[in-house]
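model13.cif, holding mmCIF, C-alpha atoms:
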```cif
data_data
#
loop_
_atom_site.label_atom_id
_atom_site.label_comp_id
_atom_site.auth_asym_id
_atom_site.auth_seq_id
_atom_site.Cartn_x
_atom_site.Cartn_y
_atom_site.Cartn_z
CA MET A 244 44.30 15.53 -20.30
CA SER A 245 42.23 13.42 -22.71
CA PHE A 246 38.89 11.96 -21.69
CA GLN A 247 40.37 8.50 -22.22
CA LYS A 248 42.93 9.13 -19.47
CA ILE A 249 40.23 10.55 -17.21
CA SER A 250 38.28 7.34 -17.78
CA GLY A 251 41.37 5.32 -16.90
CA LEU A 252 41.77 7.16 -13.61
CA ALA A 253 38.05 6.62 -12.95
CA ALA A 254 38.50 2.88 -13.53
CA ILE A 255 41.34 2.65 -11.02
CA ALA A 256 39.27 4.67 -8.53
CA ALA A 257 36.33 2.30 -9.12
CA GLY A 258 38.60 -0.61 -8.28
CA ALA A 259 39.48 1.18 -5.05
CA THR A 260 35.78 1.46 -4.14
CA TYR A 261 35.50 -2.31 -4.49
CA ILE A 262 38.54 -2.81 -2.25
CA ILE A 263 37.03 -0.53 0.40
CA GLY A 264 33.71 -2.35 0.09
CA PHE A 265 35.26 -5.78 0.57
CA TRP A 266 37.43 -4.54 3.44
CA VAL A 267 34.41 -3.22 5.35
CA TYR A 268 32.44 -6.36 4.58
CA PHE A 269 35.08 -8.85 5.69
CA SER A 270 36.37 -6.87 8.68
CA ILE A 271 33.10 -5.53 10.11
CA LEU A 272 29.92 -6.82 8.47
CA GLY A 273 31.04 -10.42 8.11
CA PRO A 274 32.09 -10.91 11.75
CA ALA A 275 28.80 -9.27 12.82
CA GLN A 276 26.91 -11.60 10.44
CA TYR A 277 25.04 -8.59 9.11
CA GLY A 278 22.41 -9.68 6.61
CA SER A 279 22.64 -13.36 7.54
CA PRO A 280 19.24 -15.11 7.65
CA ALA A 281 20.51 -17.06 10.66
CA VAL A 282 20.48 -13.85 12.72
CA PRO A 283 17.17 -12.30 13.89
CA ALA A 284 16.22 -9.28 11.78
CA ALA A 285 15.92 -7.16 14.91
CA ASP A 286 19.65 -7.69 15.49
CA HIS A 287 20.39 -6.34 12.02
CA VAL A 288 18.31 -3.27 12.77
CA SER A 289 20.20 -2.78 16.04
CA PHE A 290 23.45 -3.05 14.08
CA LEU A 291 22.26 -0.27 11.76
CA VAL A 292 21.32 1.92 14.72
CA ASP A 293 24.79 1.47 16.23
CA ASN A 294 26.64 1.89 12.92
CA GLN A 295 24.51 4.36 10.96
CA ALA A 296 27.41 6.64 9.98
CA LEU A 297 29.59 3.74 8.86
CA MET A 298 26.86 2.11 6.79
CA THR A 299 25.88 5.39 5.17
CA LEU A 300 29.48 6.14 4.22
CA TRP A 301 29.94 2.57 2.97
CA ASN A 302 26.91 2.91 0.70
CA GLN A 303 28.15 6.29 -0.55
CA VAL A 304 31.45 4.72 -1.60
CA ILE A 305 30.41 1.33 -3.02
CA TYR A 306 27.23 2.53 -4.70
CA VAL A 307 26.97 6.29 -5.26
CA LEU A 308 30.65 7.07 -5.93
CA ASN A 309 31.08 3.87 -7.92
CA ALA A 310 28.08 4.71 -10.10
CA VAL A 311 29.46 8.17 -10.89
CA LEU A 312 32.83 6.69 -11.82
CA MET A 313 31.10 4.05 -13.96
CA VAL A 314 29.61 6.72 -16.22
CA PHE A 315 33.09 8.05 -17.03
CA ILE A 316 34.40 4.52 -17.58
CA VAL A 317 31.55 3.47 -19.87
CA ILE A 318 31.80 6.58 -22.03
CA GLY A 319 35.60 6.45 -22.17
CA LEU A 320 35.57 2.84 -23.32
CA HIS A 321 32.75 3.51 -25.77
CA ARG A 322 34.80 6.22 -27.46
CA ARG A 323 37.68 3.79 -27.82
CA LEU A 324 35.51 1.00 -29.23
CA THR A 325 33.46 2.97 -31.75
CA ALA A 326 34.95 0.91 -34.60
CA SER A 327 32.89 -2.07 -33.44
CA GLY A 328 29.66 -0.17 -34.08
CA ALA A 329 26.51 -1.81 -32.71
CA ILE A 330 28.43 -4.13 -30.38
CA ALA A 331 30.05 -1.18 -28.60
CA GLN A 332 26.69 0.58 -28.44
CA THR A 333 25.09 -2.50 -26.90
CA ALA A 334 27.86 -2.78 -24.33
CA SER A 335 27.56 0.90 -23.42
CA ALA A 336 23.79 0.56 -23.02
CA PHE A 337 24.29 -2.24 -20.50
CA GLY A 338 27.01 -0.21 -18.78
CA LEU A 339 24.88 2.89 -18.33
CA ILE A 340 21.91 0.82 -17.18
CA TRP A 341 24.19 -0.81 -14.61
CA ALA A 342 25.47 2.57 -13.43
CA GLY A 343 21.86 3.70 -12.96
CA LEU A 344 20.99 0.57 -10.98
CA ILE A 345 24.05 1.01 -8.76
CA LEU A 346 23.16 4.65 -8.10
CA ALA A 347 19.53 3.75 -7.35
CA THR A 348 20.67 1.07 -4.89
CA GLY A 349 22.87 3.50 -2.99
CA MET A 350 20.17 6.16 -2.79
CA LEU A 351 17.60 3.60 -1.64
CA GLU A 352 19.92 2.15 1.00
CA ASN A 353 20.87 5.50 2.50
CA ILE A 354 17.31 6.82 2.64
CA ALA A 355 16.16 3.54 4.15
CA ILE A 356 18.89 3.55 6.80
CA GLY A 357 17.72 6.91 8.13
CA GLN A 358 14.10 5.77 8.18
CA ILE A 359 14.94 2.45 9.85
CA VAL A 360 16.99 4.12 12.56
CA ARG A 361 14.21 6.60 13.32
CA LEU A 362 11.56 3.88 13.36
CA ALA A 363 13.64 1.70 15.67
CA GLU A 364 13.32 4.33 18.39
CA VAL A 365 9.52 4.09 18.48
CA ASP A 366 8.44 0.92 16.66
CA MET A 367 10.95 -1.91 16.30
CA ASP A 368 8.49 -4.16 14.42
CA SER A 369 8.00 -1.54 11.71
CA ALA A 370 11.75 -0.95 11.55
CA VAL A 371 12.31 -4.67 11.05
CA ALA A 372 9.65 -4.82 8.31
CA LEU A 373 11.26 -1.87 6.51
CA TRP A 374 14.71 -3.46 6.81
CA ARG A 375 13.42 -6.70 5.28
CA SER A 376 11.73 -4.98 2.34
CA THR A 377 14.73 -2.72 1.71
CA THR A 378 17.04 -5.72 1.68
CA VAL A 379 14.96 -7.47 -0.97
CA VAL A 380 14.61 -4.40 -3.20
CA SER A 381 18.28 -3.39 -2.97
CA ALA A 382 19.38 -6.97 -3.70
CA GLY A 383 17.16 -7.02 -6.77
CA LEU A 384 18.55 -3.70 -8.00
CA GLY A 385 22.24 -4.10 -7.40
CA GLY A 386 23.46 -6.96 -5.30
CA GLY A 387 21.45 -10.14 -5.62
CA ASN A 388 22.75 -11.01 -9.08
CA GLU A 389 25.17 -9.46 -11.53
CA ILE A 390 23.51 -9.99 -14.91
CA THR A 391 23.67 -6.33 -16.01
CA GLY A 392 27.28 -5.76 -15.05
CA GLY A 393 28.19 -9.15 -16.44
CA MET A 394 26.59 -8.38 -19.80
CA TRP A 395 28.33 -5.01 -19.95
CA ILE A 396 31.84 -6.30 -19.46
CA PHE A 397 31.28 -9.45 -21.56
CA VAL A 398 29.93 -7.59 -24.61
CA LEU A 399 32.54 -4.89 -24.09
CA SER A 400 35.27 -7.52 -24.14
CA LEU A 401 33.82 -8.98 -27.33
CA ALA A 402 34.00 -5.54 -28.97
CA GLY A 403 37.56 -5.00 -27.74
CA PHE A 404 38.66 -8.43 -28.93
CA GLN A 405 37.16 -8.00 -32.40
CA THR A 406 38.61 -4.54 -33.02
CA LYS A 407 41.91 -5.13 -31.16
CA THR A 408 41.43 -1.69 -29.56
CA LEU A 409 41.81 -3.17 -26.08
CA PRO A 410 44.78 -5.25 -24.91
CA LEU A 411 44.14 -9.00 -24.91
CA ALA A 412 44.59 -9.07 -21.11
CA VAL A 413 41.70 -6.62 -20.68
CA SER A 414 39.38 -8.51 -23.03
CA GLY A 415 40.34 -11.95 -21.72
CA LEU A 416 39.84 -10.96 -18.10
CA GLY A 417 36.60 -9.26 -19.09
CA PHE A 418 35.25 -12.49 -20.60
CA LEU A 419 36.02 -14.31 -17.35
CA VAL A 420 34.53 -11.67 -15.04
CA GLY A 421 31.53 -11.04 -17.29
CA GLY A 422 30.84 -14.75 -17.58
CA ALA A 423 30.91 -15.09 -13.80
CA GLY A 424 28.39 -12.27 -13.49
CA ILE A 425 26.06 -13.80 -16.05
CA VAL A 426 26.07 -17.31 -14.55
CA SER A 427 25.49 -15.84 -11.06
CA THR A 428 21.83 -15.57 -12.06
CA ILE A 429 21.62 -19.37 -11.87
CA PRO A 430 20.75 -20.26 -8.23
CA ALA A 431 23.18 -23.18 -8.11
CA LEU A 432 25.99 -20.88 -9.29
CA SER A 433 25.17 -17.82 -7.17
CA ASP A 434 28.60 -18.01 -5.51
CA ALA A 435 30.02 -16.77 -8.82
CA THR A 436 29.15 -13.28 -7.59
CA MET A 437 32.30 -13.43 -5.45
CA VAL A 438 34.41 -14.22 -8.53
CA PHE A 439 32.67 -11.35 -10.29
CA GLY A 440 33.36 -8.86 -7.50
CA LEU A 441 36.97 -9.82 -6.82
CA GLY A 442 37.74 -10.21 -10.51
CA PHE A 443 36.36 -6.77 -11.23
CA ILE A 444 38.97 -5.21 -8.93
CA VAL A 445 41.73 -6.62 -11.13
CA TRP A 446 39.85 -5.73 -14.32
CA PHE A 447 39.31 -2.13 -13.24
CA VAL A 448 43.02 -1.68 -12.55
CA VAL A 449 44.15 -3.38 -15.78
CA ALA A 450 41.58 -1.52 -17.91
CA GLY A 451 42.39 1.75 -16.18
CA LEU A 452 46.12 1.40 -16.87
CA ALA A 453 45.36 0.52 -20.49
CA LEU A 454 43.24 3.65 -20.94
CA ILE A 455 45.93 5.80 -19.35
CA LEU A 456 48.89 4.34 -21.25
CA LEU A 457 47.42 3.59 -24.68
CA LYS A 458 47.34 6.25 -27.35
CA SER A 459 43.88 7.77 -27.62
CA THR A 460 41.90 6.69 -30.67
CA GLN A 461 40.29 10.12 -30.86
CA ARG A 462 41.36 13.73 -30.54
CA ALA A 463 42.27 14.63 -26.96
CA ASP A 464 39.55 16.61 -25.26
CA PRO A 465 40.52 19.76 -23.35
CA VAL A 466 39.52 19.71 -19.68
#
```
As structure tokens, please, write out the structure in this file.
Amino acid sequence: MSFQKISGLAAIAAGATYIIGFWVYFSILGPAQYGSPAVPAADHVSFLVDNQALMTLWNQVIYVLNAVLMVFIVIGLHRRLTASGAIAQTASAFGLIWAGLILATGMLENIAIGQIVRLAEVDMDSAVALWRSTTVVSAGLGGGNEITGGMWIFVLSLAGFQTKTLPLAVSGLGFLVGGAGIVSTIPALSDATMVFGLGFIVWFVVAGLALILLKSTQRADPV
């Protein structure tokens, strides 16, 4: 199996991690108003104590697993887009930076959850303070805005469009999703993060199928 096809499977799997993430958010976290500033922070800490296993697994899927898959996706697409030279290299740089930020967010969240739960047993005020600081740092790394991921997919789409090495549907959708991620950095347009996240599910599937079905631009790599 070529590395391009492996990358395609990784892309589809990455889309699945987003689906799982949204399902947990809308079915469990949303109804509980977890993370809402309208809810006392102590209630969020209590939610973590009661749902430690779920939250840890959720972070493992949406952050750690997703970051690992992203590395395969970025490299697979880079190999396909080498004809675009510096543009492909720029896109891949943003992609690998984003994968690192996602991984760092997941590791931070899971370590913090354990510490918060332990602190809550003896010092709720300290647990609340740690929850607040963790929330700010993790949002800054991987959830508060989507500039890095947006730049990756936007520049990647530009490279694919110029070289015609990606189907127009992949590049066109990438421009839309990447643009949404970039403008999410503007406070008045922060809701674009939802377009970014939901759009990425479709993009991952479409890009994954393209990588699996298209003829590899390079010699197949033995696995």
Problem set entry | d(CA of Gly357 (chain A), CA of Gln295 (chain A)) in Å | 7.8 Å
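Residues having any atom no farther than 12 Å from (29.8, -17.0, -6.5) (counting all atoms listed in the file) are Gly386, Gly387, Asn388, Glu389, Val420, Gly422, Ala423, Gly424, Ile425, Val426, Ser427, Thr428, Ile429, Pro430, Ala431, Leu432, Ser433, Asp434, Ala435, Thr436, Met437, Val438, Phe439, Gly440, Leu441 and Gly442 of chain A.
Of the listed residues (A:Ser250, A:Thr408, A:Phe265, A:Gly273), A:Ser250 comes nearest to Val314 (chain A); the distances count only C-alpha atoms.
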For this session: Spell out the residues picked by the PyMOL selection byres ((chain A and resi 348) around 10) here, as a list of chain:residue names.
Result: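 Those residues are A:Asn302, A:Ile305, A:Tyr306, A:Val307, A:Ala310, A:Ala342, A:Gly343, A:Leu344, A:Ile345, A:Leu346, A:Ala347, A:Gly349, A:Met350, A:Leu351, A:Glu352, A:Asn353, A:Thr377, A:Val380, A:Ser381, A:Ala382, A:Gly383, A:Leu384, A:Gly385, A:Gly386.
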For this session: Measure the distance from CA of Asp286 (chain A) to CA of Asn309 (chain A) in Å and round it to one decimal.
Result: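 Distance between the two atoms: 28.5 Å.
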For this session: Name all residues at most 10 Å from Arg322 (chain A) (count all atoms listed in the file; drop same-chain ones fewer than 3 positions away) and give them as a ChimeraX atom specification.
Result: /A:246-247,317-319,325-326,331-332,335,459-461
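Nearest to Trp395 (chain A) of all the residues A:Ala450, A:Leu339, A:Val413, A:Ala363 is A:Leu339, based on only C-alpha atoms.
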